[in-house]
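This report concerns only the one structure given below.
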Amino acid sequence: DASLCNWAGYPKLCGLLMHLRSRGFEITQVAVTEVREPRTVIPAHHSQQWRLRLVCPLVVPKNATSMLRFPGFGYKLFVEQECFWFNESYEHEQLYQGPSFRSALILDLKHPGLDGRAPRGTWADAWWNRTASRE
């Protein structure tokens, strides 16, 4: 339903959302988040809803560090305009330190592996296609 989106203000985002919906993905949330200076810590947590989250850092100030940590596994640094996906059901925490605010677009999808569709391809295929297209 096109009335669910602000097409005048965000035509590319609305187009992406409609495309994902048309492909059968269930979007559960879209938001812009901010964390504030000088330091923000969002303690370790996880979702019980088995969703995938797309994070697109919009503003990451110079001399700032914004990190999504997965205790015991690793971390992902926020880099302005470099989007990434992660599984919200895994425990994670957010750490930020910087001179001004950091903002990011988040988009949550119901995990497509739980909707009964047969799997197509592999994560390795997705990685290969992404890296091959950059060459």
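In the structure tokens, the first chain shown is A, the next is B, and so on; residue numbers restart at 1 for each chain, and ligands run from 1 in the order shown.
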
Please tabulate, as CSV, the residues of range 5-77 of chain A that come within 7 Å of range 85-107 of chain A, each with its closest pair of atoms and the distance in Å to one decimal, counting only C-alpha atoms and ordering rows by chain, then residue number upward.
```
residue,atom,partner,partner_atom,distance
A:Gln29,CA,A:Leu107,CA,5.7
A:Val30,CA,A:Leu107,CA,4.5
A:Ala31,CA,A:Ile106,CA,5.4
A:Val32,CA,A:Leu105,CA,4.4
A:Thr33,CA,A:Ala104,CA,5.4
A:Glu34,CA,A:Ser103,CA,4.3
A:Val35,CA,A:Arg102,CA,5.4
A:Arg36,CA,A:Phe101,CA,4.4
A:Glu37,CA,A:Ser100,CA,4.9
A:Pro38,CA,A:Gly98,CA,5.3
A:Arg39,CA,A:Gln97,CA,4.4
A:Thr40,CA,A:Tyr96,CA,5.1
A:Val41,CA,A:Leu95,CA,4.8
A:Ile42,CA,A:Gln94,CA,4.9
A:Pro43,CA,A:Glu93,CA,5.2
A:Ala44,CA,A:Glu93,CA,4.3
A:His45,CA,A:Glu91,CA,5.2
A:His46,CA,A:Glu91,CA,4.6
A:Ser47,CA,A:Ser89,CA,4.6
A:Gln48,CA,A:Ser89,CA,6.0
A:Gln49,CA,A:Ser89,CA,7.0
A:Trp50,CA,A:Ser89,CA,5.3
A:Arg51,CA,A:Glu88,CA,5.6
A:Leu52,CA,A:Asn87,CA,4.6
A:Arg53,CA,A:Phe86,CA,5.4
A:Leu54,CA,A:Trp85,CA,4.4
A:Val55,CA,A:Ile106,CA,4.7
A:Cys56,CA,A:Leu105,CA,5.0
A:Pro57,CA,A:Ala104,CA,4.1
A:Leu58,CA,A:Ala104,CA,4.9
A:Val59,CA,A:Ser103,CA,5.1
A:Val60,CA,A:Arg102,CA,5.1
A:Pro61,CA,A:Ser100,CA,6.6
A:Asn63,CA,A:Gly98,CA,6.4
A:Ala64,CA,A:Gly98,CA,4.0
A:Thr65,CA,A:Gln97,CA,5.4
A:Ser66,CA,A:Tyr96,CA,4.4
A:Met67,CA,A:Leu95,CA,5.2
A:Leu68,CA,A:Gln94,CA,4.7
A:Arg69,CA,A:Glu93,CA,5.3
A:Phe70,CA,A:His92,CA,4.6
A:Pro71,CA,A:His92,CA,6.6
```

- Task: Select from range 25-131 of chain A everything DSSP, run on the backbone, classes as strand (DSSP E), then give the selection as number ranges by chain.
- Result: A: 27-35, 39-45, 51-59, 65-70, 74-77, 84-87, 92-97, 102-110

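You can rank A:Glu82, A:His111, A:Leu77, A:Ala2 by their closest distance to Leu17 in chain A using only C-alpha atoms, and at the top of that list sits A:Ala2.
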